[in-house]
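Read the structure below first, then the notes.
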Amino acid sequence: MQSRDNVWDCGIYKHRQTGLLSLWIDSCKMIRTFLCLVGIIAVSAHPQYRDRIPNGYAVYNPCGSFFWEAVGHYDPSHHTIDKNPFGRAFAAAGHTWTASLCQADSDGDGKSNGEELGDPNCTWTMGGTPDGKSTGQPGICEPIGSGACGSNTFYCGCHGHNCVG
């Protein structure tokens with residue numbers, strides 16, 4: 001016969017929710033909540049925009065060895081509120097790769113967006129193969145901190161509003 005002190009909770013038969021078992025159940029709830037929030041953040045980002053630019057999944061990263069995933073943002077892997085110059089120009093173009101966006105030099109480093117993304121002739125269409133590889137980041141003036149880019153406040157590893165350059 002079962003006593004009133006025994007409880008069935010979340011598939012675990014236990015004797016009163018005390019001590020380590022209680023802590024374990026609370027930890028499970030926190031982990032589930034965290035994973036749910038991560039899922040919401042991932043869904044609210046806009047990775048589909050990478051399909052709309054040449055080499056969108058392989059954009060050169062002037063700050064490291066991995067690709068720059070959040071192409072229109074100052075952080076290479078996180079979607080930030082502050083957009084870089086290419087992100088603002090891409091939004092103004094209706095999130096579409098156009099000849100004028102391709103020919104523009106959004107970051108002011110002397111190379112067109114198309115040159116930096118591997119479409120120097122501005123002939124790429126969505127779903128197609130670009131003429132070449134990405135050689136630059138169209139929203140980050142390169143080389144960072146030198147020449148035409150010396151007046152920009154952007155630096156590798158910056159976070160938040162400190163990245164605006």
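Labeling convention for the structure tokens: chains A, B, ... as they appear, residues from 1 per chain, ligands from 1 in order of appearance.
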With only C-alpha atoms as the counted atoms, please give the residues lying no more than 8 Å from Leu101 of chain A, apart from itself and same-chain residues fewer than 6 positions off, as a PyMOL selection string. chain A and resi 89-90+93+113-114
Quick one: everything within 12 Å of Thr96 of chain A, counting only C-alpha atoms, minus sequence neighbours fewer than 3 positions away in the same chain. Send it as a list in words. Gln48, Tyr49, Arg50, Asp51, Arg52, Ile53, Pro54, Phe86, Gly87, Arg88, Ala89, Phe90, Ala91, Ala92, Ala93, Ala99, Ser100, Leu101, Cys102, Trp124, Thr125 and Met126 of chain A
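Proximity to Pro120 of chain A was assessed for A:Asn84, A:Ser106, A:Thr135, A:Asn162 counting only C-alpha atoms; the smallest distance is recorded for A:Thr135.
For the set A:Asp119, A:Glu142, A:Asp82, A:Glu69, the residue with the smallest atom-to-atom gap to His159 of chain A is A:Asp82, counting only C-alpha atoms.
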Using only C-alpha atoms, find the one residue out of A:Tyr74, A:Tyr60, A:Trp97, A:Phe66 that sits nearest to Gly127 of chain A. A:Trp97
For Trp68 of chain A, please output as a PyMOL selection string all residues within 7 Å (counting only C-alpha atoms; exclusion window: fewer than 4 positions along the same chain). chain A and resi 59-61+76-77
Restrict the selected residues to N, CA and C atoms and save them as an mmCIF file, in the first residue's frame.
data_model
loop_
_atom_site.group_PDB
_atom_site.id
_atom_site.type_symbol
_atom_site.label_atom_id
_atom_site.label_comp_id
_atom_site.auth_asym_id
_atom_site.auth_seq_id
_atom_site.Cartn_x
_atom_site.Cartn_y
_atom_site.Cartn_z
ATOM 1 N N VAL A 59 31.084 33.912 -45.635
ATOM 2 C CA VAL A 59 31.592 35.283 -45.729
ATOM 3 C C VAL A 59 32.869 35.402 -44.901
ATOM 4 N N TYR A 60 33.890 35.940 -45.533
ATOM 5 C CA TYR A 60 35.194 36.124 -44.907
ATOM 6 C C TYR A 60 35.055 36.839 -43.564
ATOM 7 N N ASN A 61 35.812 36.381 -42.585
ATOM 8 C CA ASN A 61 35.804 36.978 -41.248
ATOM 9 C C ASN A 61 37.161 37.621 -40.990
ATOM 10 N N PRO A 76 30.265 38.732 -35.427
ATOM 11 C CA PRO A 76 30.303 37.694 -36.461
ATOM 12 C C PRO A 76 29.327 36.537 -36.269
ATOM 13 N N SER A 77 28.891 36.294 -35.052
ATOM 14 C CA SER A 77 28.015 35.140 -34.853
ATOM 15 C C SER A 77 26.702 35.466 -34.168
#
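Nearest residue to Gly139 of chain A, choosing from A:Asn55, A:Gln103, A:Ser112, A:Ser151 and counting only C-alpha atoms: A:Ser112.
Closest approach to Tyr155 of chain A among A:Pro85, A:Pro62, A:Gly72, A:Gly108 is made by A:Pro62 (distances from only C-alpha atoms).
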Shortest interatomic distance to Cys158 of chain A - which of A:Thr98, A:Thr80, A:Thr129, A:Ser134, counting only C-alpha atoms: A:Thr80
